[in-house]
Amino acid sequence: GMYNAIIPDELLHECGIFKERLSQSALLFESSRVSEEDASTVYRWYLDAGMTFDLGTNPATDLTENQILQQCKMYVAAVRLADDFGCETIGIQYQLGLTDLLPASDLIEGTLNSSSRPPVLSRDERSELFAGRAIPHFNEIDECSGIDAMMIHRIHRELGLPQETTLHDIRWGDWDQSGTTDEYAWVLEISGAAPAEHHGGWKHCRGFRQPAMYFSKGGSTLSGIAIAGEIIWSRVYVADDALCLDIGRGRAVDLPVEECRRRLDATTNVWPLMNAVTYGVSRDQLMAKHQANHIQVVYGGDPDSADHAAYARAAMARELGMRVQFCGTRKGGESW
């Protein structure tokens with residue numbers, strides 16, 4: 001439903017990338033074929049990994065186990081469909097369709113984005129699908145983010161850097177009221193699709209019921225506070241009949257609980273949060289130039305490794321025919 005999210009086929013094909021257009025009904029049907037046993041196995045995996053769920057008894061307002069089990073079925077279905085069609089990255093179009101039929105897809109999306117995730121067996125139960133790695137998911141079928149995530153996973157896998165990505169929304173920003181940092185910190189939130197690794201692992205993840213105003217069928221988030229560390233932020237977009245990549249550096253900052261709570265309560269307090277500083281890019285510059293409310297973030301190890309990974313992705317994008325713009329500065333105010 002977003003203007004700058006669907007890539008014209010002729011631009012996508014020039015990159016050597018192709019897409020399968022699957023009906024939402026395919027995911028609904030595949031979810032119905034997943035057994036109760038498989039769903040329970042996934043749910044137990046979450047609990048054994050240390051994730052906690054804020055459960056209640058009223059499905060209209062509370063998160064219930066039945067909602068989670070339906071989400072577990074959707075997760076298994078999504079992995080098997082990705083395998084059926086040979087997909088390297090997938091996007092679930094949940095709202096305006098599935099929202100009336102299934103619980104929210106965000107727990108599934110965040111799980112797909114996690115390298116450590118519940119195993120899913122092939123249909124013949126002879127092998128584990130996509131063993132040991134994430135299946136990057138692009139929220140709201142934002143294909144521009146999907147291409148970016150695919151590049152990130154290939155490059156970071158080769159460089160031995162964290163591969164897990166989050167497509168966050170740029171919600172708002174503010175100066176830190178706690179005095180922990182004197183830099184302007186963005187409030188990046190998404191409705192639950194952040195990978196567990198960005199929160200420090202499954203033991204730091206919480207599952208809350210999605211707000212009933214948006215999600216009548218409920219379902220769990222995959223919530224947490226992003227750990228501190230060097231990040232690379234980026235956006236692929238279409239402009240002047242060409243694919244473009246804006247890429248920059250920054251860091252996720254660790255703010256006190258009270259400041260995080262202030263930021264969450266001013267947005268949607270059950271969704272995952274990253275407090276992010278963009279190097280050399282001010283609030284007004286980002287709001288004037290950034291091409292979407294979406295922003296892709298990935299951790300990059302130490303500052304030098306993150307710089308190297310950003311250069312590598314820029315080079316890959318140029319080889320694929322994209323126009324590349326480095327934004328802001330590197331760590332310490334150094335120019336690109």
# chains A, B, ... in the order shown; residues from 1 in each chain; ligands from 1

$ closest_atom_pairs --of "segment 223-270 of chain A" --to "segment 99-117 of chain A" --cutoff "12 Å" --atoms "only C-alpha atoms" --output "CSV"
residue,atom,partner,partner_atom,distance
A:Ser223,CA,A:Leu107,CA,8.9
A:Gly224,CA,A:Gly110,CA,11.2
A:Val270,CA,A:Asp106,CA,11.8

$ residues_around --residues "segment 193-202 of chain A" --least-positions-apart "4" --cutoff "10 Å" --atoms "only C-alpha atoms" --output "compact mmCIF listing (two decimals) with all heavy atoms, in the first residue's frame"
# COMPACT_ATOMS: atom_id res chain seq x y z
N TYR A 46 9.90 -21.38 21.48
CA TYR A 46 9.97 -20.01 21.99
C TYR A 46 10.15 -20.01 23.52
O TYR A 46 11.00 -19.29 24.06
CB TYR A 46 8.67 -19.25 21.66
CG TYR A 46 8.49 -18.84 20.23
CD1 TYR A 46 7.32 -19.17 19.53
CD2 TYR A 46 9.44 -18.07 19.55
CE1 TYR A 46 7.12 -18.77 18.22
CE2 TYR A 46 9.25 -17.67 18.24
CZ TYR A 46 8.09 -18.03 17.58
OH TYR A 46 7.88 -17.63 16.28
N LEU A 47 9.36 -20.81 24.19
CA LEU A 47 9.41 -20.84 25.65
C LEU A 47 10.74 -21.38 26.15
O LEU A 47 11.34 -20.83 27.08
CB LEU A 47 8.26 -21.70 26.20
CG LEU A 47 6.84 -21.20 25.87
CD1 LEU A 47 5.80 -22.18 26.40
CD2 LEU A 47 6.60 -19.81 26.45
N ASP A 48 11.24 -22.44 25.53
CA ASP A 48 12.54 -23.00 25.92
C ASP A 48 13.68 -22.03 25.65
O ASP A 48 14.70 -22.04 26.36
CB ASP A 48 12.79 -24.31 25.16
CG ASP A 48 11.87 -25.44 25.60
OD1 ASP A 48 11.26 -25.32 26.68
OD2 ASP A 48 11.74 -26.43 24.85
N ALA A 49 13.52 -21.18 24.60
CA ALA A 49 14.55 -20.19 24.28
C ALA A 49 14.54 -19.02 25.24
O ALA A 49 15.48 -18.20 25.24
CB ALA A 49 14.38 -19.70 22.85
N GLY A 50 13.48 -18.91 26.05
CA GLY A 50 13.43 -17.88 27.08
C GLY A 50 12.50 -16.73 26.80
O GLY A 50 12.41 -15.79 27.60
N MET A 51 11.78 -16.75 25.68
CA MET A 51 10.83 -15.67 25.40
C MET A 51 9.65 -15.78 26.34
O MET A 51 9.18 -16.88 26.67
CB MET A 51 10.36 -15.74 23.94
CG MET A 51 9.44 -14.59 23.55
SD MET A 51 9.04 -14.57 21.79
CE MET A 51 7.93 -13.16 21.72
N THR A 52 9.13 -14.64 26.79
CA THR A 52 7.97 -14.63 27.67
C THR A 52 6.80 -13.95 26.96
O THR A 52 6.98 -13.00 26.21
CB THR A 52 8.27 -13.87 28.98
OG1 THR A 52 8.71 -12.54 28.68
CG2 THR A 52 9.36 -14.59 29.77
N SER A 105 0.93 -10.97 11.81
CA SER A 105 2.07 -11.70 11.25
C SER A 105 3.40 -11.29 11.86
O SER A 105 4.45 -11.84 11.50
CB SER A 105 2.12 -11.49 9.73
OG SER A 105 2.22 -10.12 9.41
N ASP A 106 3.41 -10.34 12.78
CA ASP A 106 4.67 -9.75 13.23
C ASP A 106 5.58 -10.73 13.97
O ASP A 106 6.80 -10.69 13.81
CB ASP A 106 4.38 -8.54 14.12
CG ASP A 106 3.63 -7.47 13.37
OD1 ASP A 106 4.29 -6.68 12.67
OD2 ASP A 106 2.40 -7.43 13.45
N LEU A 107 5.02 -11.61 14.80
CA LEU A 107 5.84 -12.61 15.47
C LEU A 107 6.52 -13.50 14.43
O LEU A 107 7.70 -13.84 14.57
CB LEU A 107 4.99 -13.46 16.42
CG LEU A 107 5.70 -14.62 17.11
CD1 LEU A 107 6.84 -14.13 17.99
CD2 LEU A 107 4.71 -15.47 17.91
N ILE A 108 5.79 -13.84 13.38
CA ILE A 108 6.36 -14.65 12.30
C ILE A 108 7.47 -13.88 11.61
O ILE A 108 8.57 -14.41 11.35
CB ILE A 108 5.27 -15.04 11.28
CG1 ILE A 108 4.21 -15.91 11.90
CG2 ILE A 108 5.88 -15.72 10.07
CD1 ILE A 108 3.00 -15.18 12.40
N GLU A 109 7.22 -12.61 11.31
CA GLU A 109 8.18 -11.80 10.58
C GLU A 109 9.49 -11.65 11.36
O GLU A 109 10.59 -11.78 10.81
CB GLU A 109 7.57 -10.44 10.27
CG GLU A 109 6.36 -10.53 9.34
CD GLU A 109 5.56 -9.24 9.29
OE1 GLU A 109 6.00 -8.25 9.92
OE2 GLU A 109 4.51 -9.21 8.62
N GLY A 110 9.37 -11.34 12.66
CA GLY A 110 10.57 -11.22 13.48
C GLY A 110 11.32 -12.53 13.61
O GLY A 110 12.55 -12.56 13.64
N THR A 111 10.57 -13.63 13.67
CA THR A 111 11.21 -14.94 13.76
C THR A 111 11.95 -15.27 12.46
O THR A 111 13.08 -15.78 12.48
CB THR A 111 10.16 -16.02 14.07
OG1 THR A 111 9.45 -15.67 15.26
CG2 THR A 111 10.81 -17.38 14.26
N LEU A 112 11.33 -14.98 11.32
CA LEU A 112 11.99 -15.20 10.04
C LEU A 112 13.28 -14.40 9.95
O LEU A 112 14.28 -14.86 9.38
CB LEU A 112 11.06 -14.82 8.89
CG LEU A 112 9.84 -15.70 8.66
CD1 LEU A 112 8.88 -15.03 7.68
CD2 LEU A 112 10.25 -17.07 8.12
N ASN A 113 13.30 -13.20 10.51
CA ASN A 113 14.48 -12.35 10.46
C ASN A 113 15.57 -12.77 11.43
O ASN A 113 16.67 -12.20 11.40
CB ASN A 113 14.08 -10.89 10.74
CG ASN A 113 13.46 -10.21 9.54
OD1 ASN A 113 13.79 -10.53 8.41
ND2 ASN A 113 12.55 -9.27 9.79
N SER A 114 15.30 -13.73 12.28
CA SER A 114 16.26 -14.20 13.29
C SER A 114 17.04 -15.39 12.76
O SER A 114 16.47 -16.32 12.19
CB SER A 114 15.53 -14.59 14.58
OG SER A 114 14.77 -13.52 15.10
N SER A 115 18.36 -15.37 12.98
CA SER A 115 19.17 -16.52 12.59
C SER A 115 18.91 -17.72 13.50
O SER A 115 18.94 -18.87 13.07
CB SER A 115 20.66 -16.15 12.62
OG SER A 115 20.95 -15.17 11.64
N SER A 116 18.67 -17.43 14.78
CA SER A 116 18.27 -18.46 15.74
C SER A 116 16.76 -18.47 15.78
O SER A 116 16.14 -17.52 16.28
CB SER A 116 18.85 -18.15 17.12
OG SER A 116 18.31 -19.02 18.10
N ARG A 117 16.16 -19.54 15.26
CA ARG A 117 14.70 -19.58 15.15
C ARG A 117 14.23 -21.03 15.21
O ARG A 117 15.02 -21.96 15.03
CB ARG A 117 14.24 -18.92 13.85
CG ARG A 117 14.85 -19.51 12.61
CD ARG A 117 14.38 -18.84 11.32
NE ARG A 117 15.04 -19.45 10.18
CZ ARG A 117 14.69 -20.60 9.63
NH1 ARG A 117 13.66 -21.28 10.12
NH2 ARG A 117 15.34 -21.10 8.60
N ALA A 134 18.64 -17.02 8.80
CA ALA A 134 17.37 -16.32 8.71
C ALA A 134 16.80 -16.42 7.29
O ALA A 134 17.51 -16.76 6.34
CB ALA A 134 17.56 -14.85 9.08
N PRO A 136 15.20 -13.59 5.42
CA PRO A 136 14.85 -12.17 5.61
C PRO A 136 13.46 -11.83 5.10
O PRO A 136 13.06 -12.23 4.01
CB PRO A 136 15.94 -11.43 4.83
CG PRO A 136 16.59 -12.45 3.96
CD PRO A 136 16.43 -13.76 4.65
N HIS A 137 12.74 -11.11 5.94
CA HIS A 137 11.36 -10.74 5.63
C HIS A 137 11.27 -9.23 5.44
O HIS A 137 11.82 -8.46 6.22
CB HIS A 137 10.43 -11.16 6.77
CG HIS A 137 9.01 -10.73 6.55
ND1 HIS A 137 8.55 -9.47 6.91
CD2 HIS A 137 7.95 -11.36 5.98
CE1 HIS A 137 7.28 -9.36 6.58
NE2 HIS A 137 6.89 -10.49 6.02
N PHE A 138 10.57 -8.81 4.38
CA PHE A 138 10.36 -7.38 4.18
C PHE A 138 8.91 -7.03 4.51
O PHE A 138 7.97 -7.52 3.89
CB PHE A 138 10.75 -6.92 2.77
CG PHE A 138 10.27 -7.78 1.63
CD1 PHE A 138 9.15 -7.44 0.90
CD2 PHE A 138 10.98 -8.93 1.26
CE1 PHE A 138 8.73 -8.21 -0.17
CE2 PHE A 138 10.56 -9.71 0.19
CZ PHE A 138 9.43 -9.35 -0.53
N ASN A 139 8.76 -6.19 5.52
CA ASN A 139 7.44 -5.83 6.04
C ASN A 139 6.58 -5.21 4.95
O ASN A 139 7.07 -4.48 4.09
CB ASN A 139 7.56 -4.80 7.17
CG ASN A 139 8.31 -5.34 8.35
OD1 ASN A 139 8.96 -6.38 8.27
ND2 ASN A 139 8.27 -4.62 9.45
N PRO A 162 27.11 -9.72 11.79
CA PRO A 162 25.69 -10.01 12.04
C PRO A 162 24.87 -9.80 10.77
O PRO A 162 25.02 -8.79 10.08
CB PRO A 162 25.31 -9.01 13.12
CG PRO A 162 26.59 -8.69 13.82
CD PRO A 162 27.65 -8.74 12.77
N GLN A 163 23.97 -10.73 10.49
CA GLN A 163 23.19 -10.69 9.26
C GLN A 163 21.75 -10.22 9.49
O GLN A 163 21.07 -9.85 8.53
CB GLN A 163 23.15 -12.08 8.62
CG GLN A 163 24.50 -12.65 8.28
CD GLN A 163 24.45 -14.13 7.96
OE1 GLN A 163 23.47 -14.62 7.40
NE2 GLN A 163 25.48 -14.86 8.35
N GLU A 164 21.31 -10.23 10.74
CA GLU A 164 19.89 -9.98 11.02
C GLU A 164 19.54 -8.52 10.75
O GLU A 164 20.23 -7.61 11.21
CB GLU A 164 19.58 -10.33 12.48
CG GLU A 164 19.85 -11.77 12.84
CD GLU A 164 21.30 -12.05 13.17
OE1 GLU A 164 22.03 -11.10 13.48
OE2 GLU A 164 21.70 -13.24 13.12
N THR A 165 18.45 -8.31 10.03
CA THR A 165 18.02 -6.97 9.66
C THR A 165 16.66 -6.65 10.27
O THR A 165 15.87 -7.55 10.56
CB THR A 165 17.91 -6.82 8.13
OG1 THR A 165 16.91 -7.74 7.65
CG2 THR A 165 19.22 -7.14 7.45
N THR A 166 16.41 -5.36 10.45
CA THR A 166 15.08 -4.89 10.81
C THR A 166 14.69 -3.77 9.86
O THR A 166 15.46 -2.83 9.66
CB THR A 166 15.03 -4.34 12.25
OG1 THR A 166 15.31 -5.38 13.17
CG2 THR A 166 13.64 -3.78 12.56
N LEU A 167 13.52 -3.88 9.29
CA LEU A 167 12.90 -2.76 8.59
C LEU A 167 12.09 -2.00 9.63
O LEU A 167 11.01 -2.41 10.01
CB LEU A 167 11.99 -3.27 7.46
CG LEU A 167 11.39 -2.25 6.49
CD1 LEU A 167 10.74 -2.98 5.32
CD2 LEU A 167 10.38 -1.34 7.13
N HIS A 168 12.66 -0.92 10.14
CA HIS A 168 11.97 -0.11 11.14
C HIS A 168 11.19 1.01 10.48
O HIS A 168 11.47 1.40 9.35
CB HIS A 168 12.98 0.49 12.12
CG HIS A 168 13.21 -0.32 13.34
ND1 HIS A 168 12.20 -0.63 14.24
CD2 HIS A 168 14.34 -0.91 13.84
CE1 HIS A 168 12.71 -1.35 15.24
NE2 HIS A 168 13.99 -1.53 15.02
N GLU A 189 10.60 2.27 15.45
CA GLU A 189 9.70 1.21 15.92
C GLU A 189 9.09 0.52 14.72
O GLU A 189 8.84 1.14 13.68
CB GLU A 189 8.57 1.78 16.77
CG GLU A 189 8.89 1.91 18.23
CD GLU A 189 7.61 2.07 19.05
OE1 GLU A 189 6.50 2.09 18.48
OE2 GLU A 189 7.71 2.15 20.27
N ARG A 206 9.80 -10.09 24.53
CA ARG A 206 8.50 -10.22 25.14
C ARG A 206 7.43 -10.25 24.06
O ARG A 206 7.55 -9.61 23.02
CB ARG A 206 8.21 -9.02 26.07
CG ARG A 206 9.09 -8.92 27.31
CD ARG A 206 8.68 -9.91 28.38
NE ARG A 206 7.29 -9.75 28.81
CZ ARG A 206 6.90 -8.90 29.74
NH1 ARG A 206 7.78 -8.07 30.33
NH2 ARG A 206 5.63 -8.84 30.12
N THR A 221 3.39 -9.74 19.53
CA THR A 221 4.54 -9.01 19.00
C THR A 221 5.81 -9.81 19.28
O THR A 221 5.80 -10.83 19.97
CB THR A 221 4.67 -7.64 19.68
OG1 THR A 221 4.92 -7.85 21.08
CG2 THR A 221 3.40 -6.83 19.52
N LEU A 222 6.91 -9.32 18.76
CA LEU A 222 8.24 -9.80 19.16
C LEU A 222 8.98 -8.55 19.63
O LEU A 222 9.67 -7.90 18.85
CB LEU A 222 8.96 -10.49 18.00
CG LEU A 222 10.05 -11.50 18.38
CD1 LEU A 222 10.47 -12.33 17.17
CD2 LEU A 222 11.27 -10.85 19.00
N SER A 223 8.77 -8.21 20.89
CA SER A 223 9.18 -6.91 21.40
C SER A 223 10.45 -6.98 22.23
O SER A 223 10.80 -8.02 22.80
CB SER A 223 8.06 -6.30 22.26
OG SER A 223 6.92 -6.07 21.47
N GLY A 224 11.13 -5.84 22.27
CA GLY A 224 12.34 -5.70 23.06
C GLY A 224 12.97 -4.36 22.77
O GLY A 224 12.50 -3.60 21.92
N ILE A 225 14.07 -4.06 23.46
CA ILE A 225 14.83 -2.83 23.26
C ILE A 225 16.13 -3.20 22.56
O ILE A 225 16.87 -4.08 23.02
CB ILE A 225 15.13 -2.12 24.59
CG1 ILE A 225 13.84 -1.90 25.38
CG2 ILE A 225 15.86 -0.80 24.32
CD1 ILE A 225 12.84 -1.00 24.70
N ALA A 226 16.42 -2.53 21.46
CA ALA A 226 17.62 -2.86 20.69
C ALA A 226 18.88 -2.60 21.52
O ALA A 226 19.00 -1.59 22.22
CB ALA A 226 17.65 -2.03 19.41
N ILE A 227 19.83 -3.53 21.42
CA ILE A 227 21.08 -3.40 22.15
C ILE A 227 21.95 -2.32 21.51
O ILE A 227 21.77 -1.96 20.34
CB ILE A 227 21.84 -4.74 22.17
CG1 ILE A 227 22.11 -5.23 20.73
CG2 ILE A 227 21.05 -5.79 22.96
CD1 ILE A 227 22.95 -6.51 20.66
N ALA A 228 22.88 -1.80 22.29
CA ALA A 228 23.79 -0.78 21.78
C ALA A 228 24.77 -1.39 20.79
O ALA A 228 25.15 -2.56 20.92
CB ALA A 228 24.54 -0.14 22.94
N GLY A 229 25.14 -0.60 19.79
CA GLY A 229 26.13 -1.09 18.83
C GLY A 229 26.14 -0.27 17.56
O GLY A 229 25.21 0.51 17.28
N ALA A 252 23.07 2.32 17.55
CA ALA A 252 21.97 2.18 18.49
C ALA A 252 22.52 2.49 19.88
O ALA A 252 23.59 1.98 20.25
CB ALA A 252 21.41 0.76 18.45
N TRP A 271 5.50 -2.38 21.01
CA TRP A 271 6.30 -2.67 19.82
C TRP A 271 7.80 -2.55 20.12
O TRP A 271 8.20 -1.82 21.04
CB TRP A 271 5.92 -1.73 18.68
CG TRP A 271 4.56 -2.03 18.11
CD1 TRP A 271 3.76 -3.09 18.39
CD2 TRP A 271 3.84 -1.24 17.15
NE1 TRP A 271 2.59 -3.02 17.67
CE2 TRP A 271 2.61 -1.89 16.90
CE3 TRP A 271 4.11 -0.05 16.48
CZ2 TRP A 271 1.66 -1.39 16.00
CZ3 TRP A 271 3.16 0.45 15.58
CH2 TRP A 271 1.96 -0.22 15.35
N PRO A 272 8.64 -3.23 19.36
CA PRO A 272 10.09 -3.16 19.59
C PRO A 272 10.66 -1.79 19.24
O PRO A 272 10.21 -1.13 18.30
CB PRO A 272 10.66 -4.25 18.67
CG PRO A 272 9.62 -4.45 17.62
CD PRO A 272 8.31 -4.18 18.28
N LEU A 273 11.67 -1.38 19.98
CA LEU A 273 12.23 -0.03 19.89
C LEU A 273 13.72 -0.08 19.66
O LEU A 273 14.44 -0.87 20.27
CB LEU A 273 11.94 0.72 21.20
CG LEU A 273 12.67 2.04 21.45
CD1 LEU A 273 12.17 3.12 20.50
CD2 LEU A 273 12.50 2.48 22.91
N MET A 274 14.19 0.79 18.76
CA MET A 274 15.62 1.08 18.64
C MET A 274 15.81 2.58 18.80
O MET A 274 15.16 3.38 18.11
CB MET A 274 16.19 0.62 17.30
CG MET A 274 17.65 1.03 17.10
SD MET A 274 18.40 0.51 15.52
CE MET A 274 18.74 -1.22 15.88
N VAL A 297 17.99 -1.33 9.11
CA VAL A 297 19.13 -1.26 10.02
C VAL A 297 19.71 -2.64 10.22
O VAL A 297 18.99 -3.65 10.29
CB VAL A 297 18.75 -0.64 11.38
CG1 VAL A 297 18.43 0.83 11.23
CG2 VAL A 297 17.60 -1.37 12.03
N VAL A 298 21.05 -2.69 10.31
CA VAL A 298 21.76 -3.93 10.58
C VAL A 298 22.99 -3.57 11.41
O VAL A 298 23.58 -2.49 11.23
CB VAL A 298 22.17 -4.65 9.27
CG1 VAL A 298 23.15 -3.82 8.45
CG2 VAL A 298 22.74 -6.04 9.56
N TYR A 299 23.35 -4.44 12.34
CA TYR A 299 24.55 -4.20 13.14
C TYR A 299 25.79 -4.55 12.31
O TYR A 299 25.74 -5.44 11.45
CB TYR A 299 24.51 -5.02 14.42
CG TYR A 299 23.54 -4.48 15.45
CD1 TYR A 299 22.21 -4.92 15.48
CD2 TYR A 299 23.93 -3.53 16.38
CE1 TYR A 299 21.32 -4.42 16.41
CE2 TYR A 299 23.03 -3.03 17.32
CZ TYR A 299 21.74 -3.47 17.32
OH TYR A 299 20.84 -2.97 18.24

$ atom_distance --atom1 "atom CA of Leu12 of chain A" --atom2 "atom CA of Ala312 of chain A"
20.2 Å

$ closest_residue --among "A:Arg80, A:Cys244, A:Ser234, A:Met287" --to "Ser122 of chain A" --atoms "only C-alpha atoms"
A:Arg80

$ select_by_dssp --residues "segment 121-271 of chain A" --states "alpha helix (DSSP H)" --output "PyMOL selection string"
chain A and resi 143-159+257-265

$ residues_around --residues "Ile6 of chain A" --least-positions-apart "5" --cutoff "10 Å" --atoms "only C-alpha atoms" --output "CSV table (one decimal) with all heavy atoms, in the first residue's frame"
chain,number,residue,atom,x,y,z
A,1,GLY,N,0.8,-1.2,0.0
A,1,GLY,CA,0.0,0.0,0.0
A,1,GLY,C,0.8,1.3,0.0
A,1,GLY,O,0.3,2.3,0.1
A,12,LEU,N,13.7,-4.3,-11.6
A,12,LEU,CA,14.1,-5.5,-10.8
A,12,LEU,C,14.9,-6.5,-11.6
A,12,LEU,O,15.9,-7.0,-11.2
A,12,LEU,CB,12.9,-6.1,-10.2
A,12,LEU,CG,13.1,-7.1,-9.1
A,12,LEU,CD1,13.7,-6.5,-7.9
A,12,LEU,CD2,11.8,-7.8,-8.7
A,141,ILE,N,5.3,-6.1,2.3
A,141,ILE,CA,5.8,-6.4,1.0
A,141,ILE,C,6.5,-5.2,0.4
A,141,ILE,O,6.4,-4.8,-0.8
A,141,ILE,CB,4.7,-6.9,0.0
A,141,ILE,CG1,3.5,-5.9,-0.1
A,141,ILE,CG2,4.2,-8.3,0.5
A,141,ILE,CD1,2.6,-6.3,-1.3
A,142,ASP,N,7.4,-4.6,1.2
A,142,ASP,CA,8.2,-3.5,0.7
A,142,ASP,C,9.4,-4.1,0.0
A,142,ASP,O,10.4,-4.4,0.6
A,142,ASP,CB,8.7,-2.6,1.9
A,142,ASP,CG,9.5,-1.4,1.5
A,142,ASP,OD1,10.0,-1.4,0.4
A,142,ASP,OD2,9.7,-0.5,2.4
A,143,GLU,N,9.3,-4.2,-1.3
A,143,GLU,CA,10.3,-4.9,-2.2
A,143,GLU,C,11.6,-4.2,-2.1
A,143,GLU,O,12.7,-4.9,-2.3
A,143,GLU,CB,9.8,-5.1,-3.6
A,143,GLU,CG,8.5,-5.9,-3.7
A,143,GLU,CD,7.9,-5.9,-5.1
A,143,GLU,OE1,8.4,-5.2,-6.0
A,143,GLU,OE2,6.8,-6.5,-5.2
A,144,CYS,N,11.6,-2.9,-2.0
A,144,CYS,CA,12.9,-2.2,-1.9
A,144,CYS,C,13.7,-2.6,-0.7
A,144,CYS,O,14.9,-2.8,-0.8
A,144,CYS,CB,12.6,-0.7,-1.8
A,144,CYS,SG,12.0,0.1,-3.3
A,145,SER,N,13.0,-2.8,0.4
A,145,SER,CA,13.7,-3.4,1.6
A,145,SER,C,14.1,-4.8,1.4
A,145,SER,O,15.1,-5.2,1.9
A,145,SER,CB,12.7,-3.3,2.8
A,145,SER,OG,13.3,-3.8,3.9
A,237,TYR,N,15.3,2.7,-3.1
A,237,TYR,CA,14.0,3.3,-3.6
A,237,TYR,C,14.1,3.5,-5.1
A,237,TYR,O,15.2,3.4,-5.7
A,237,TYR,CB,13.8,4.7,-2.9
A,237,TYR,CG,14.9,5.7,-3.0
A,237,TYR,CD1,14.9,6.7,-3.9
A,237,TYR,CD2,16.0,5.6,-2.1
A,237,TYR,CE1,15.9,7.6,-4.1
A,237,TYR,CE2,17.1,6.5,-2.2
A,237,TYR,CZ,17.0,7.5,-3.2
A,237,TYR,OH,18.0,8.4,-3.3
A,238,VAL,N,13.0,3.9,-5.7
A,238,VAL,CA,12.9,4.2,-7.1
A,238,VAL,C,12.8,5.7,-7.3
A,238,VAL,O,12.0,6.3,-6.7
A,238,VAL,CB,11.7,3.5,-7.7
A,238,VAL,CG1,11.6,3.8,-9.2
A,238,VAL,CG2,11.7,2.0,-7.5

$ select_by_dssp --residues "segment 79-154 of chain A" --states "strand (DSSP E or B)" --output "list in words"
Ile90, Leu121, Glu128 and His137 of chain A

$ closest_residue --among "A:Asp62, A:Glu36, A:Ala310, A:Pro211" --to "Gln325 of chain A" --atoms "only C-alpha atoms"
A:Ala310

$ closest_residue --among "A:Arg330, A:Lys73, A:Lys19, A:Arg283" --to "Tyr43 of chain A" --atoms "only C-alpha atoms"
A:Lys73

$ atom_distance --atom1 "atom CA of Leu22 of chain A" --atom2 "atom CA of Arg313 of chain A"
28.6 Å

$ closest_residue --among "A:Ala185, A:Phe53, A:Tyr94, A:Gly321" --to "Lys203 of chain A" --atoms "only C-alpha atoms"
A:Phe53

$ closest_residue --among "A:Glu30, A:Asp169, A:Asp174, A:Glu259" --to "Leu188 of chain A" --atoms "only C-alpha atoms"
A:Asp169

$ residues_around --residues "Gln95 of chain A" --least-positions-apart "6" --cutoff "9 Å" --atoms "only C-alpha atoms" --output "JSON, numbers by chain"
{"A": [104, 140, 214, 215]}

$ write_last_selection --atoms "C-alpha atoms" --output "PDB file, in the first residue's frame"
ATOM      1  CA  ALA A 104      -0.920 -10.602  13.309  1.00  0.00           C
ATOM      2  CA  GLU A 140       4.300  -4.822   4.159  1.00  0.00           C
ATOM      3  CA  TYR A 214      -5.209  -2.479  14.310  1.00  0.00           C
ATOM      4  CA  PHE A 215      -5.399  -6.233  14.867  1.00  0.00           C
TER       5      PHE A 215
END

$ decode --residues "segment 171-201 of chain A" --atoms "C-alpha atoms" --output "short mmCIF file (atom, residue, chain, number, x, y, z; two decimals), in the first residue's frame"
data_model
loop_
_atom_site.label_atom_id
_atom_site.label_comp_id
_atom_site.auth_asym_id
_atom_site.auth_seq_id
_atom_site.Cartn_x
_atom_site.Cartn_y
_atom_site.Cartn_z
CA ARG A 171 8.45 7.26 14.10
CA TRP A 172 9.93 10.43 15.59
CA GLY A 173 12.99 11.61 17.48
CA ASP A 174 14.08 13.70 20.41
CA TRP A 175 17.02 14.75 22.46
CA ASP A 176 17.68 12.23 25.23
CA GLN A 177 15.93 13.49 28.35
CA SER A 178 18.10 11.37 30.67
CA GLY A 179 21.37 13.04 29.67
CA THR A 180 22.94 9.74 28.69
CA THR A 181 23.87 11.13 25.28
CA ASP A 182 23.90 14.68 23.93
CA GLU A 183 23.07 13.46 20.42
CA TYR A 184 19.65 13.48 18.76
CA ALA A 185 18.21 9.97 19.02
CA TRP A 186 15.56 8.66 16.65
CA VAL A 187 12.67 6.52 17.83
CA LEU A 188 12.64 3.59 15.40
CA GLU A 189 9.70 1.21 15.92
CA ILE A 190 8.05 -1.50 13.90
CA SER A 191 4.95 -3.47 14.81
CA GLY A 192 6.88 -6.49 16.02
CA ALA A 193 9.07 -7.75 13.18
CA ALA A 194 12.48 -7.13 14.78
CA PRO A 195 14.76 -10.19 15.10
CA ALA A 196 15.60 -11.56 18.53
CA GLU A 197 19.31 -10.87 18.00
CA HIS A 198 18.65 -7.12 17.92
CA HIS A 199 17.26 -7.38 21.46
CA GLY A 200 20.18 -9.41 22.75
CA GLY A 201 18.58 -12.83 22.26
#
